[in-house]
Every structure is written in C-alpha cells, then in structure tokens.
>>> print(open('data_16.txt').read())   # compact mmCIF, C-alpha atoms
# COMPACT_ATOMS: atom_id res chain seq x y z
CA MET A 292 107.46 78.60 57.35
CA LYS A 293 104.50 80.79 58.30
CA SER A 294 104.30 82.49 61.71
CA ILE A 295 100.91 82.47 63.46
CA MET A 296 101.89 84.07 66.78
CA ASP A 297 105.08 84.26 68.81
CA CYS A 298 105.30 80.59 69.76
CA LEU A 299 103.27 79.15 66.85
CA ASN A 300 104.05 78.62 63.19
CA TYR A 301 103.39 76.32 60.25
CA ASP A 302 106.43 74.51 58.86
CA ASP A 303 107.03 74.25 55.11
CA PHE A 304 104.83 71.13 54.96
CA GLY A 305 101.82 72.76 56.63
CA ASN A 306 102.32 71.24 60.09
CA LEU A 307 101.43 73.48 63.04
CA GLU A 308 104.34 73.80 65.45
CA ILE A 309 104.62 75.21 68.97
CA ASP A 310 108.18 76.18 69.84
CA SER A 311 109.39 74.08 66.89
CA ILE A 312 107.61 70.88 67.98
CA LYS A 313 104.83 69.56 65.76
CA VAL A 314 101.45 69.80 67.45
CA SER A 315 100.36 66.57 65.74
CA ASP A 316 103.25 64.73 67.43
CA ILE A 317 102.18 66.09 70.83
CA SER A 318 98.53 65.17 70.29
CA GLN A 319 99.51 61.70 69.08
CA LYS A 320 101.44 61.11 72.30
CA PHE A 321 98.91 62.60 74.73
CA GLU A 322 95.65 62.33 72.70
CA THR A 323 93.01 65.01 72.25
CA PRO A 324 91.50 67.06 73.63
CA LEU A 325 94.45 68.63 75.45
CA TYR A 326 96.01 71.93 76.43
CA ILE A 327 99.53 72.72 75.20
CA MET A 328 101.58 75.62 76.58
CA SER A 329 104.89 77.25 75.76
CA GLU A 330 107.13 77.74 78.79
CA LYS A 331 109.39 80.00 76.74
CA LYS A 332 106.49 82.35 76.00
CA ILE A 333 105.40 82.45 79.64
CA ARG A 334 108.90 83.39 80.73
CA GLU A 335 109.16 86.03 78.01
CA ASN A 336 105.92 87.61 79.21
CA CYS A 337 107.13 87.62 82.82
CA ARG A 338 110.39 89.29 81.83
CA LYS A 339 108.64 92.00 79.83
CA TYR A 340 106.75 93.10 82.94
CA ILE A 341 109.86 92.98 85.12
CA LYS A 342 111.97 94.91 82.61
CA ALA A 343 109.37 97.64 82.03
CA SER A 344 108.58 98.04 85.74
CA LYS A 345 112.25 98.33 86.66
CA LYS A 346 112.72 100.91 83.92
CA PHE A 347 109.87 103.14 85.08
CA PHE A 348 109.56 102.41 88.83
CA GLY A 349 113.16 101.66 89.75
CA ASN A 350 113.15 99.21 92.64
CA LYS A 351 109.77 100.31 94.02
CA PHE A 352 107.62 97.69 92.35
CA GLN A 353 106.48 94.08 92.57
CA ILE A 354 104.85 92.06 89.81
CA LEU A 355 102.35 89.56 91.17
CA TYR A 356 101.12 86.78 88.93
CA ALA A 357 97.33 86.45 89.21
CA SER A 358 96.95 82.75 89.98
CA LYS A 359 93.34 82.48 88.89
CA ALA A 360 94.43 82.69 85.23
CA PHE A 361 96.25 79.36 85.43
CA SER A 362 97.28 77.61 88.61
CA CYS A 363 99.34 74.47 89.03
CA LYS A 364 102.57 73.57 90.81
CA HIS A 365 104.75 73.90 87.73
CA MET A 366 103.39 77.39 87.03
CA TYR A 367 104.37 78.58 90.52
CA LYS A 368 107.87 77.21 89.98
CA ILE A 369 108.18 79.23 86.76
CA ILE A 370 107.04 82.53 88.24
CA ASN A 371 109.23 82.08 91.31
CA GLU A 372 112.25 81.52 89.06
CA GLU A 373 111.28 84.68 87.14
CA ASN A 374 111.18 86.71 90.40
CA LEU A 375 107.45 87.36 90.40
CA GLY A 376 105.24 87.22 93.44
CA THR A 377 101.73 85.83 93.20
CA ASP A 378 98.21 86.59 94.30
CA VAL A 379 95.91 83.79 95.37
CA VAL A 380 92.16 83.93 95.90
CA SER A 381 91.35 80.69 97.70
CA GLU A 382 92.82 78.09 100.02
CA GLY A 383 93.15 75.82 96.98
CA GLU A 384 95.38 78.27 95.14
CA LEU A 385 97.29 78.97 98.35
CA PHE A 386 97.78 75.26 99.01
CA THR A 387 99.02 74.73 95.45
CA ALA A 388 101.52 77.58 95.77
CA LEU A 389 102.76 76.25 99.11
CA SER A 390 103.02 72.75 97.63
CA SER A 391 105.47 74.11 95.07
CA ASP A 392 107.59 75.71 97.84
CA PHE A 393 106.66 79.19 96.67
CA PRO A 394 108.07 81.81 99.10
CA THR A 395 105.25 82.81 101.43
CA GLU A 396 106.51 86.39 101.76
CA LYS A 397 105.76 86.90 98.05
CA ILE A 398 102.14 85.71 98.32
CA TYR A 399 99.21 88.15 98.46
CA PHE A 400 95.87 86.64 99.50
CA HIS A 401 92.73 88.09 97.88
CA GLY A 402 89.02 87.30 98.09
CA ASN A 403 85.78 89.09 98.90
CA ASN A 404 84.45 86.48 101.35
CA LYS A 405 87.37 84.64 102.93
CA SER A 406 86.37 81.97 105.44
CA TYR A 407 87.77 81.53 108.95
CA ASN A 408 89.76 78.51 107.77
CA GLU A 409 91.23 80.39 104.82
CA LEU A 410 92.34 83.30 106.97
CA LYS A 411 93.71 80.97 109.62
CA MET A 412 95.67 79.06 107.00
CA ALA A 413 97.09 82.30 105.58
CA VAL A 414 98.20 83.60 108.98
CA GLU A 415 99.52 80.21 110.06
CA LYS A 416 101.62 79.88 106.88
CA ASN A 417 102.94 83.46 107.17
CA VAL A 418 101.45 84.70 103.90
CA GLY A 419 103.11 88.00 103.03
CA LYS A 420 100.07 90.25 102.68
CA ILE A 421 96.32 89.79 103.00
CA ILE A 422 94.05 92.05 100.98
CA VAL A 423 91.13 92.81 103.31
CA ASP A 424 87.79 93.20 101.57
CA ASN A 425 85.42 94.28 104.36
CA ILE A 426 85.03 95.11 108.05
CA ARG A 427 83.84 91.64 109.04
CA GLU A 428 86.95 90.14 107.48
CA LEU A 429 89.21 92.70 109.17
CA THR A 430 87.75 91.89 112.59
CA LEU A 431 88.06 88.14 112.02
CA LEU A 432 91.63 88.47 110.78
CA ASN A 433 92.61 90.51 113.83
CA GLU A 434 91.15 87.86 116.16
CA ILE A 435 92.99 85.05 114.36
CA SER A 436 96.25 87.01 114.37
CA LYS A 437 95.85 87.72 118.09
CA GLU A 438 95.26 84.03 118.84
CA MET A 439 98.44 83.14 116.94
CA LYS A 440 100.38 86.04 118.46
CA LYS A 441 101.28 87.40 115.04
CA ILE A 442 101.09 90.76 113.30
CA THR A 443 99.47 90.50 109.88
CA ASN A 444 100.30 92.94 107.10
CA ILE A 445 97.27 94.00 105.11
CA LEU A 446 96.11 96.02 102.14
CA ILE A 447 92.53 97.25 101.95
CA ARG A 448 90.59 96.75 98.74
CA ILE A 449 89.06 99.96 97.43
CA LYS A 450 86.49 100.62 94.71
CA PRO A 451 87.69 103.79 92.96
CA GLY A 452 84.57 104.01 90.82
CA VAL A 453 86.42 103.82 87.51
CA GLU A 454 84.52 102.52 84.46
CA ALA A 455 86.91 100.35 82.47
CA HIS A 456 84.66 99.71 79.42
CA THR A 457 84.85 95.95 79.67
CA HIS A 458 82.36 93.09 79.94
CA GLU A 459 79.73 93.53 82.67
CA PHE A 460 80.86 90.36 84.46
CA ILE A 461 84.52 91.41 84.66
CA LYS A 462 84.17 95.03 85.79
CA THR A 463 85.36 95.17 89.39
CA GLY A 464 86.32 98.79 90.06
CA VAL A 465 82.89 100.38 89.76
CA ILE A 466 80.72 101.12 92.78
CA ASP A 467 78.18 98.38 91.97
CA SER A 468 80.58 95.48 92.58
CA LYS A 469 80.82 92.76 95.21
CA PHE A 470 84.52 93.56 95.69
CA GLY A 471 85.99 96.04 98.14
CA ASN A 472 84.85 99.32 99.67
CA ASP A 473 83.45 102.40 97.96
CA ILE A 474 86.16 105.03 98.29
CA ASN A 475 83.59 107.68 99.27
CA SER A 476 81.65 105.57 101.78
CA LYS A 477 81.50 105.66 105.58
CA GLU A 478 82.35 101.96 105.55
CA CYS A 479 85.63 102.73 103.84
CA GLU A 480 86.51 105.35 106.47
CA GLU A 481 85.48 102.98 109.24
CA ILE A 482 87.64 100.10 108.05
CA ILE A 483 90.68 102.37 107.86
CA LYS A 484 90.07 103.92 111.27
CA ASN A 485 89.57 100.50 112.85
CA THR A 486 93.05 99.37 111.81
CA ARG A 487 94.56 101.96 114.15
CA ASN A 488 93.14 100.18 117.19
CA MET A 489 94.15 96.67 116.17
CA GLN A 490 97.49 95.64 117.64
CA ASN A 491 97.76 92.54 115.44
CA ILE A 492 97.03 94.30 112.16
CA LYS A 493 99.39 96.53 110.20
CA LEU A 494 97.93 98.53 107.33
CA ILE A 495 100.62 98.99 104.71
CA GLY A 496 98.75 99.45 101.45
CA LEU A 497 95.67 99.90 99.32
CA HIS A 498 94.45 97.75 96.46
CA CYS A 499 92.13 98.37 93.53
CA HIS A 500 91.25 96.43 90.40
CA ILE A 501 89.17 98.11 87.74
CA GLY A 502 88.37 95.18 85.45
CA SER A 503 89.71 92.82 82.81
CA GLN A 504 90.47 92.96 79.09
CA ILE A 505 91.22 96.70 79.23
CA PHE A 506 92.84 98.06 76.09
CA SER A 507 93.18 101.71 77.11
CA HIS A 508 95.62 103.16 79.62
CA GLU A 509 93.31 106.06 80.59
CA PRO A 510 91.25 104.08 83.16
CA PHE A 511 94.48 103.04 84.90
CA GLU A 512 95.70 106.64 84.97
CA LEU A 513 92.39 107.79 86.46
CA ALA A 514 92.53 105.04 89.08
CA CYS A 515 96.09 106.14 89.98
CA GLU A 516 94.96 109.73 90.53
CA ILE A 517 91.97 108.74 92.65
CA MET A 518 93.92 106.29 94.77
CA LEU A 519 96.90 108.60 95.37
CA LYS A 520 94.59 111.44 96.35
CA PHE A 521 93.01 109.05 98.83
CA ILE A 522 96.45 108.06 100.15
CA ALA A 523 97.15 111.75 100.80
CA LYS A 524 93.84 112.05 102.66
CA ILE A 525 94.62 109.02 104.84
CA LYS A 526 97.98 110.52 105.77
CA LYS A 527 96.45 113.88 106.61
CA GLU A 528 93.35 112.74 108.49
CA TYR A 529 94.52 109.54 110.18
CA ASN A 530 98.32 109.92 110.17
CA ILE A 531 98.63 106.56 108.42
CA LYS A 532 101.36 106.20 105.83
CA ILE A 533 100.49 103.97 102.89
CA ASN A 534 103.60 102.31 101.51
CA GLU A 535 102.08 100.10 98.79
CA LEU A 536 99.60 100.79 96.02
CA ASN A 537 98.36 97.72 94.19
CA LEU A 538 96.71 98.67 90.90
CA GLY A 539 95.55 95.14 90.08
CA GLY A 540 95.67 93.69 86.59
CA GLY A 541 93.28 93.63 83.66
CA PHE A 542 95.65 94.38 80.78
CA GLY A 543 93.94 93.40 77.53
CA VAL A 544 95.02 90.39 75.48
CA LYS A 545 94.72 89.98 71.71
CA TYR A 546 92.38 87.02 71.10
CA ILE A 547 91.25 87.78 67.56
CA LYS A 548 92.57 89.87 64.68
CA ASN A 549 90.39 92.88 65.51
CA ASP A 550 91.73 93.12 69.06
CA LEU A 551 94.45 95.65 69.77
CA ASN A 552 97.96 94.38 70.33
CA ILE A 553 98.97 96.19 73.52
CA GLN A 554 102.56 97.08 74.25
CA TYR A 555 102.55 96.60 78.01
CA GLU A 556 105.72 98.67 78.42
CA ASN A 557 103.82 101.69 77.07
CA PHE A 558 101.01 101.04 79.55
CA ILE A 559 103.45 100.90 82.45
CA GLU A 560 105.20 104.08 81.26
CA LYS A 561 101.87 105.93 81.15
CA ILE A 562 100.97 104.67 84.63
CA SER A 563 104.39 105.67 85.96
CA ASN A 564 104.18 109.18 84.51
CA LYS A 565 100.77 109.69 86.08
CA ILE A 566 101.96 108.41 89.47
CA PHE A 567 104.95 110.78 89.58
CA GLU A 568 102.71 113.67 88.49
CA VAL A 569 100.03 113.00 91.11
CA CYS A 570 102.52 112.28 93.93
CA GLU A 571 104.03 115.70 93.36
CA LYS A 572 100.59 117.31 93.11
CA PHE A 573 99.39 115.91 96.45
CA ASN A 574 102.79 115.88 98.16
CA VAL A 575 102.71 112.08 98.56
CA GLU A 576 105.80 109.90 98.78
CA HIS A 577 105.98 107.55 95.79
CA PRO A 578 104.58 104.22 97.07
CA LYS A 579 105.75 100.80 96.01
CA ILE A 580 103.64 99.90 92.96
CA LEU A 581 102.21 96.42 92.51
CA LEU A 582 100.66 95.06 89.32
CA GLU A 583 98.79 91.77 88.97
CA PRO A 584 98.98 90.46 85.38
CA GLY A 585 97.52 87.00 84.91
CA ARG A 586 95.84 86.62 81.53
CA SER A 587 98.62 88.61 79.81
CA ILE A 588 101.25 86.26 81.29
CA VAL A 589 99.76 82.97 80.09
CA ALA A 590 96.95 83.48 77.54
CA ASN A 591 99.06 83.65 74.39
CA SER A 592 101.32 80.83 75.57
CA GLY A 593 98.60 78.20 75.20
CA ILE A 594 96.42 76.41 72.70
CA THR A 595 93.74 73.74 72.97
CA VAL A 596 93.77 70.91 70.44
CA TYR A 597 90.62 69.04 69.44
CA THR A 598 89.74 66.30 66.99
CA VAL A 599 86.73 66.77 64.70
CA GLY A 600 84.20 64.01 65.38
CA SER A 601 81.20 65.01 63.26
CA ILE A 602 80.15 67.71 60.82
CA LYS A 603 76.53 68.79 60.46
CA ASN A 604 75.53 71.05 57.59
CA ILE A 605 72.05 72.52 58.07
CA PRO A 606 71.15 74.13 54.72
CA ASN A 607 70.52 77.88 54.92
CA VAL A 608 71.10 77.79 58.68
CA ARG A 609 74.53 76.75 59.91
CA LYS A 610 77.39 74.32 59.51
CA TYR A 611 78.51 72.72 62.76
CA VAL A 612 81.98 71.30 63.30
CA LEU A 613 81.70 69.09 66.39
CA VAL A 614 84.82 68.37 68.44
CA ASP A 615 85.81 66.05 71.28
CA GLY A 616 85.86 68.79 73.92
CA GLY A 617 83.55 71.67 74.71
CA MET A 618 82.27 73.94 77.45
CA ASN A 619 83.72 71.69 80.14
CA ASP A 620 87.25 72.63 79.01
CA ASN A 621 86.42 76.06 77.56
CA PRO A 622 83.44 77.72 79.27
CA ARG A 623 84.37 81.24 78.26
CA TYR A 624 82.00 81.41 75.27
CA ILE A 625 78.95 80.44 77.29
CA MET A 626 80.00 82.80 80.12
CA TYR A 627 81.22 85.87 78.24
CA GLY A 628 80.59 85.24 74.54
CA ALA A 629 84.37 85.06 74.23
CA LYS A 630 85.81 84.93 70.72
CA TYR A 631 88.77 82.90 69.47
CA GLU A 632 90.80 82.24 66.39
CA ILE A 633 90.76 78.59 65.32
CA ILE A 634 93.14 77.03 62.80
CA PRO A 635 93.78 73.52 61.46
CA VAL A 636 96.69 71.54 62.88
CA LYS A 637 97.52 70.59 59.28
CA THR A 638 97.07 73.26 56.60
CA SER A 639 97.12 73.09 52.81
CA PHE A 640 98.05 76.81 52.67
CA LYS A 641 95.02 77.37 50.44
CA LYS A 642 93.11 80.59 51.00
CA THR A 643 89.73 78.86 50.80
CA GLN A 644 87.66 79.35 53.94
CA GLU A 645 84.16 78.50 55.06
CA LYS A 646 81.92 79.81 57.80
CA VAL A 647 81.30 77.28 60.58
CA THR A 648 80.33 77.08 64.22
CA VAL A 649 82.65 74.95 66.30
CA ALA A 650 80.67 73.18 69.01
CA GLY A 651 81.44 70.66 71.72
CA LYS A 652 80.16 67.30 72.90
CA CYS A 653 78.34 68.40 76.05
CA CYS A 654 74.59 67.89 76.35
CA GLU A 655 73.89 71.62 76.21
CA SER A 656 72.72 73.77 73.30
CA GLY A 657 75.04 76.57 74.38
CA ASP A 658 78.10 74.33 74.23
CA ILE A 659 79.91 76.44 71.66
CA ILE A 660 83.64 77.06 71.23
CA SER A 661 83.24 79.72 68.56
CA LYS A 662 80.29 80.79 66.43
CA ASN A 663 80.25 81.80 62.76
CA ILE A 664 84.00 81.83 62.23
CA LEU A 665 85.94 81.54 58.99
CA ILE A 666 88.25 78.54 58.88
CA GLU A 667 90.00 76.43 56.27
CA PRO A 668 87.65 73.50 55.46
CA VAL A 669 88.16 70.53 57.79
CA LYS A 670 87.07 66.89 57.66
CA ILE A 671 86.14 64.27 60.24
CA ASN A 672 89.25 63.17 62.20
CA ASP A 673 91.11 66.38 61.34
CA GLN A 674 92.54 68.28 64.31
CA ILE A 675 92.05 71.96 65.03
CA ALA A 676 93.77 74.31 67.45
CA VAL A 677 92.01 77.05 69.41
CA LEU A 678 94.51 79.85 69.98
CA CYS A 679 95.21 81.90 73.10
CA THR A 680 93.68 79.51 75.62
CA GLY A 681 96.45 79.60 78.23
CA ALA A 682 94.38 81.72 80.61
CA TYR A 683 91.16 80.69 82.37
CA ASN A 684 90.34 77.66 80.22
CA PHE A 685 92.04 75.14 82.49
CA SER A 686 91.15 77.22 85.57
CA MET A 687 87.44 77.29 84.76
CA ALA A 688 87.21 73.70 83.52
CA SER A 689 84.56 71.45 85.04
CA ASN A 690 83.36 67.86 85.07
CA TYR A 691 80.03 68.77 83.50
CA ASN A 692 78.46 65.61 82.04
CA ARG A 693 81.09 63.76 84.11
CA ILE A 694 83.74 64.41 81.50
CA PRO A 695 87.32 64.18 82.85
CA ARG A 696 89.42 67.35 82.80
CA LEU A 697 92.13 67.67 80.18
CA PRO A 698 95.87 67.27 80.64
CA VAL A 699 98.29 70.17 80.30
CA VAL A 700 101.49 69.62 78.34
CA MET A 701 104.28 72.20 78.64
CA VAL A 702 106.80 72.61 75.84
CA SER A 703 110.09 73.45 77.55
CA ASN A 704 113.51 73.70 75.90
CA GLY A 705 112.55 71.31 73.13
CA GLN A 706 111.11 68.79 75.59
CA LEU A 707 107.54 67.87 76.55
CA LYS A 708 106.53 68.04 80.20
CA LEU A 709 103.21 66.67 81.36
CA ILE A 710 102.46 69.19 84.13
CA VAL A 711 98.84 68.18 84.78
CA LYS A 712 97.64 64.63 84.15
CA ARG A 713 94.39 63.85 82.33
CA GLU A 714 91.69 62.93 84.80
CA THR A 715 90.48 59.35 84.69
CA LEU A 716 86.97 57.96 85.10
CA GLU A 717 88.09 56.75 88.53
CA ASP A 718 89.00 60.35 89.41
CA ILE A 719 85.45 61.36 88.57
CA THR A 720 83.96 58.95 91.13
CA LYS A 721 86.64 58.94 93.84
CA ASN A 722 84.68 61.29 96.14
CA ASP A 723 81.35 59.59 95.63
CA LEU A 724 79.98 57.70 98.65
>>> encode(input="data_16.txt", output="structure tokens")
Amino acid sequence: MKSIMDCLNYDDFGNLEIDSIKVSDISQKFETPLYIMSEKKIRENCRKYIKASKKFFGNKFQILYASKAFSCKHMYKIINEENLGTDVVSEGELFTALSSDFPTEKIYFHGNNKSYNELKMAVEKNVGKIIVDNIRELTLLNEISKEMKKITNILIRIKPGVEAHTHEFIKTGVIDSKFGNDINSKECEEIIKNTRNMQNIKLIGLHCHIGSQIFSHEPFELACEIMLKFIAKIKKEYNIKINELNLGGGFGVKYIKNDLNIQYENFIEKISNKIFEVCEKFNVEHPKILLEPGRSIVANSGITVYTVGSIKNIPNVRKYVLVDGGMNDNPRYIMYGAKYEIIPVKTSFKKTQEKVTVAGKCCESGDIISKNILIEPVKINDQIAVLCTGAYNFSMASNYNRIPRLPVVMVSNGQLKLIVKRETLEDITKNDL
C-alpha cells in the first residue's frame, strides 16, 4: 500500500483508493467525469481548527466555514454537526444553508454589493450577523431593519492595507480592493460614526480578510496589530466597544509538492500570541476571534476523476492528454494559472514518467487542467485523478459549451453518498423560453 495523501492511497495491486474504497469502483458506478470527496477528511479538518482555537483562545472564538469554497446542503449538515458556523456571500448560499436547517444565529452574511432583496432575506430570516461593506449598504440595512422592527447585528469590513503576497486576483486586504473600507479613510470613520445614530443597527465587530493561499503567519500578525489598534481608537474616540474581530481566512493549502504543508495549529498559536500582546499594549479587552477557513477545510478532501479520450503528440512541441472534462468543471487554471498534481487511477508502480499537458474538451484553447506536468504514461480510456479539488472546482463550475455540471459523491463511513446529482441535458434547457 502506498499513501498519496491523508485520504488517498494505492492498494497493493495499484488501485487508487479514497478512504479504502477503490476509485475505479466509484467511477464505474457514477461515470466520469465526477468529483469524489472524503467526509472523514472534511470532519478531521474541522476538528483541527476547533481544537487549536479552543487551546489558544479558550471559549472566545468561532470558526466559520467559508461557503464559497464548496456549498451544498450536505456540506452545511457536516459543518453544523462539527459545531462550525458559516459565512455566506449570496442569497443562493444563504438559501442553501437555510434549506439544510442550518442555525441562522451561526450564519454571517458577506458581500461587497448586497442587493435590497438579499439584505431583506437576511433580516427576515434572522441571520446572526451581517458584514457591512459600505455606507450605502449600512443605510439600506437600517431602513430594512426599521421596516421589520428588528435590530440587526453587524460587523464592518475593513481594509487594513496588509500585503499578503498572494495572487493579484485573490488579494483582498490591500487598499486597492473592491472590498471594505480603507482603515485610514474618512469613509471608514463616517460609517462607524453613522452606526451610533441608527436605532436598528448594532455594531458588534470588525472584519478583515487579507487574501488567499497565504503560507506565512506574519501578514496575519500584522493585520491583528492594525485591527486591534483601530479597535482601541474606536473605543476612545466614539465610545463604541468592539466585541468581535473576524480575521477572515486565506490559510494556504498544499496543491503540489513544492507548496508548504502548513500546520494550522501553529498559525493559530502565532495569531493568538500576537492578539494577547497587542491587547495588553493598547489596553483593549480580548475580543471574540473569528476565523473563516474554507479552502483548507475541503480542498484536500476531494479529487476529480476523468477518462482519457484522446492523446495528441506534437513532435518537439507538446503532448496533449485530452480528458472528458475541462474548464467547465475546473476553471482555476484559466483564472489563476493554478497547479495540480495528477495521478493515474491505476498505477503500475513504475517510476517512468513523461511530460504532458492535460487539457479538456471545451472549445477554448485555454481549456487546460495542468500544463507540462510529469505523470506516469497513460493510454486512451485510462482514468486519471486530479488531486486537491475539493475547494472551488464545484463552486466555480459552469455550463460553458452547454456541458452539464458534474455530480459530487461523498465517501462516508465506507458508504457512497451522492450529494449532488449530475445535471442532465434537460437541466441545461429548463430555463430556456
């Protein structure tokens, strides 16, 4: 038996297994392409965050699963059972969470341009906290809350100006970002002052998020210091006590061998030490700390399985391995240049490898899964597995070229659960008029 990652291994006969079930058996039952996820691994990841946070923050913490990484009814049931809250960023994610009977008091509603209907839905359903992005949204939320005769608890999203050294498209804490309010701006002061005159709004916390795929704890420590200093200023100048500090997510995930393998407990310990240090420095009461892991909860629980349809060898240029999926089920390469490890579902255990580019079936030159990777030689009709696809692949999937979205199969206690059905051709046309 050869271990690949926590929930994956090859058995003695070269069959890839996920939680001791042969991947080839799963793909035979549900066909390719498909997503397969390990419920055991998801729960383990949830528990690591809970255990570390309790160790370093006591009872003053809340772990919120970032829904955008992977959202479906079964996922909300898992995180509720594991005592996590969740953050949602749209009425679709909110509706899905509510459809799974997720406790509304543990839901935090994000978004930089929430509509009237989204805010109304959140207030109407008694969502626990709404993260306010801008003054327009604050005013609208107050009006809606007044109409419904409710008091809405809010956090305000702040841009601390921290550079997280990540991809340009996933840096969200720097000043040049569509999210939140520059911590040094008049707009930021105005939005805080305005909350004092709004009888249907209660400011209880601040939120920041400095980016994604962050492998160093230093940016988080810097964000802590900046945000806690700001909390002290708010208390002194406006007599407003901030009880919650949400530091967002963005913890890096190991996709390929060269990526660091982060011990999240060490990250949380570093963050905790900095918070205690800065609270003492600025004479601030230790706020409740919220973290929003998403990718690091689900990414390494999932794989995507494809069947090789064609192979094109262009002499002195490139060898293409063409599969039955593509950018419609994994758009992260074309968006971010994301890299993955890819392995055969059936291995010979030989060390021979060849350089190939794995490409999809979409009518688009950029439809690439992974470029110039080393992989054990494969043939037509062989199956391959793309590792660490539990986060964002399903969430970002589309019907480009009118291709139906893939099913999601969850391996749970030795059983297979179909948690998202494969779309049909009828599903593709059901909204056409």
>>> closest_residue(input="data_16.txt", among="A:Thr486, A:Ser344, A:Ser507, A:Asn417", to="Leu446 (chain A)", atoms="all atoms listed in the file")
A:Thr486
>>> closest_atom_pairs(input="data_16.txt", of="region 537-596 of chain A", to="region 348-353 of chain A", cutoff="7 Å", atoms="only C-alpha atoms", output="Markdown table")
| residue | atom | partner | partner_atom | distance |
| --- | --- | --- | --- | --- |
| A:Ser563 | CA | A:Phe348 | CA | 6.8 |
| A:Lys579 | CA | A:Lys351 | CA | 4.5 |
| A:Ile580 | CA | A:Phe352 | CA | 4.6 |
| A:Leu581 | CA | A:Gln353 | CA | 4.9 |
| A:Leu582 | CA | A:Gln353 | CA | 6.7 |
>>> atom_distance(input="data_16.txt", atom1="CA of Lys545 (chain A)", atom2="CA of Ser329 (chain A)")
16.8 Å
>>> residues_around(input="data_16.txt", residues="Ala523 (chain A)", least_positions_apart="4", cutoff="8 Å", atoms="only C-alpha atoms", output="MDAnalysis selection string")
chainID A and resid 519 527 573:575
>>> write_last_selection(input="data_16.txt", atoms="C-alpha atoms", output="CSV table (one decimal), in the frame of the given file")
chain,number,residue,atom,x,y,z
A,519,LEU,CA,96.9,108.6,95.4
A,527,LYS,CA,96.4,113.9,106.6
A,573,PHE,CA,99.4,115.9,96.4
A,574,ASN,CA,102.8,115.9,98.2
A,575,VAL,CA,102.7,112.1,98.6
>>> closest_residue(input="data_16.txt", among="A:Asp473, A:Asp302, A:Asp620, A:Glu528", to="Arg448 (chain A)", atoms="all atoms listed in the file")
A:Asp473
>>> residues_around(input="data_16.txt", residues="Pro578 (chain A)", least_positions_apart="3", cutoff="8 Å", atoms="only C-alpha atoms", output="list of chain:residue names")
A:Lys351, A:Ile533, A:Asn534, A:Glu535, A:Leu536
>>> closest_residue(input="data_16.txt", among="A:Gly502, A:Gly651, A:Gly496, A:Gly402", to="Gly452 (chain A)", atoms="all atoms listed in the file")
A:Gly502
>>> residues_near_point(input="data_16.txt", point="(101.4, 93.5, 114.4)", cutoff="6 Å", atoms="only C-alpha atoms", output="JSON, numbers by chain")
{"A": [442, 443, 490, 491, 492, 493]}
>>> atom_distance(input="data_16.txt", atom1="CA of Val453 (chain A)", atom2="CA of Lys630 (chain A)")
25.3 Å
>>> closest_residue(input="data_16.txt", among="A:Ile559, A:Val669, A:Val589, A:Ile501", to="Met366 (chain A)", atoms="all atoms listed in the file")
A:Val589
>>> axis_aligned_box(input="data_16.txt", around="region 631-636 of chain A", padding_each_side="6 Å", output="JSON")
{"center_x": 92.7, "center_y": 77.2, "center_z": 65.5, "size_x": 19.9, "size_y": 23.4, "size_z": 20.0}
>>> build_atoms(input="data_16.txt", residues="region 682-699 of chain A", atoms="N, CA and C atoms", output="PDB file, keeping the file's coordinate frame")
ATOM      1  N   ALA A 682      94.966  81.109  79.413  1.00  0.00           N
ATOM      2  CA  ALA A 682      94.380  81.720  80.610  1.00  0.00           C
ATOM      3  C   ALA A 682      92.912  81.327  80.756  1.00  0.00           C
ATOM      4  N   TYR A 683      92.538  80.939  81.943  1.00  0.00           N
ATOM      5  CA  TYR A 683      91.160  80.690  82.370  1.00  0.00           C
ATOM      6  C   TYR A 683      90.513  79.421  81.832  1.00  0.00           C
ATOM      7  N   ASN A 684      90.980  78.871  80.730  1.00  0.00           N
ATOM      8  CA  ASN A 684      90.340  77.660  80.220  1.00  0.00           C
ATOM      9  C   ASN A 684      90.529  76.487  81.168  1.00  0.00           C
ATOM     10  N   PHE A 685      91.777  76.198  81.510  1.00  0.00           N
ATOM     11  CA  PHE A 685      92.040  75.140  82.490  1.00  0.00           C
ATOM     12  C   PHE A 685      91.463  75.513  83.852  1.00  0.00           C
ATOM     13  N   SER A 686      91.618  76.778  84.252  1.00  0.00           N
ATOM     14  CA  SER A 686      91.150  77.220  85.570  1.00  0.00           C
ATOM     15  C   SER A 686      89.648  77.065  85.743  1.00  0.00           C
ATOM     16  N   MET A 687      88.902  77.323  84.679  1.00  0.00           N
ATOM     17  CA  MET A 687      87.440  77.290  84.760  1.00  0.00           C
ATOM     18  C   MET A 687      86.852  75.938  84.350  1.00  0.00           C
ATOM     19  N   ALA A 688      87.695  75.000  83.999  1.00  0.00           N
ATOM     20  CA  ALA A 688      87.210  73.700  83.520  1.00  0.00           C
ATOM     21  C   ALA A 688      86.379  72.994  84.587  1.00  0.00           C
ATOM     22  N   SER A 689      85.448  72.173  84.127  1.00  0.00           N
ATOM     23  CA  SER A 689      84.560  71.450  85.040  1.00  0.00           C
ATOM     24  C   SER A 689      84.378  70.011  84.581  1.00  0.00           C
ATOM     25  N   ASN A 690      83.697  69.248  85.412  1.00  0.00           N
ATOM     26  CA  ASN A 690      83.360  67.860  85.070  1.00  0.00           C
ATOM     27  C   ASN A 690      81.913  67.746  84.599  1.00  0.00           C
ATOM     28  N   TYR A 691      81.395  68.827  84.000  1.00  0.00           N
ATOM     29  CA  TYR A 691      80.030  68.770  83.500  1.00  0.00           C
ATOM     30  C   TYR A 691      79.865  67.558  82.589  1.00  0.00           C
ATOM     31  N   ASN A 692      78.733  66.875  82.737  1.00  0.00           N
ATOM     32  CA  ASN A 692      78.460  65.610  82.040  1.00  0.00           C
ATOM     33  C   ASN A 692      79.438  64.503  82.460  1.00  0.00           C
ATOM     34  N   ARG A 693      80.102  64.731  83.588  1.00  0.00           N
ATOM     35  CA  ARG A 693      81.090  63.760  84.110  1.00  0.00           C
ATOM     36  C   ARG A 693      82.190  63.476  83.086  1.00  0.00           C
ATOM     37  N   ILE A 694      82.629  64.512  82.455  1.00  0.00           N
ATOM     38  CA  ILE A 694      83.740  64.410  81.500  1.00  0.00           C
ATOM     39  C   ILE A 694      85.036  64.740  82.239  1.00  0.00           C
ATOM     40  N   PRO A 695      86.047  63.910  82.169  1.00  0.00           N
ATOM     41  CA  PRO A 695      87.320  64.180  82.850  1.00  0.00           C
ATOM     42  C   PRO A 695      87.994  65.435  82.316  1.00  0.00           C
ATOM     43  N   ARG A 696      88.664  66.156  83.201  1.00  0.00           N
ATOM     44  CA  ARG A 696      89.420  67.350  82.800  1.00  0.00           C
ATOM     45  C   ARG A 696      90.640  66.962  81.966  1.00  0.00           C
ATOM     46  N   LEU A 697      91.048  67.920  81.131  1.00  0.00           N
ATOM     47  CA  LEU A 697      92.130  67.670  80.180  1.00  0.00           C
ATOM     48  C   LEU A 697      93.508  67.736  80.826  1.00  0.00           C
ATOM     49  N   PRO A 698      94.492  67.117  80.195  1.00  0.00           N
ATOM     50  CA  PRO A 698      95.870  67.270  80.640  1.00  0.00           C
ATOM     51  C   PRO A 698      96.456  68.584  80.132  1.00  0.00           C
ATOM     52  N   VAL A 699      97.546  69.005  80.763  1.00  0.00           N
ATOM     53  CA  VAL A 699      98.290  70.170  80.300  1.00  0.00           C
ATOM     54  C   VAL A 699      99.708  69.721  79.999  1.00  0.00           C
TER      55      VAL A 699
END
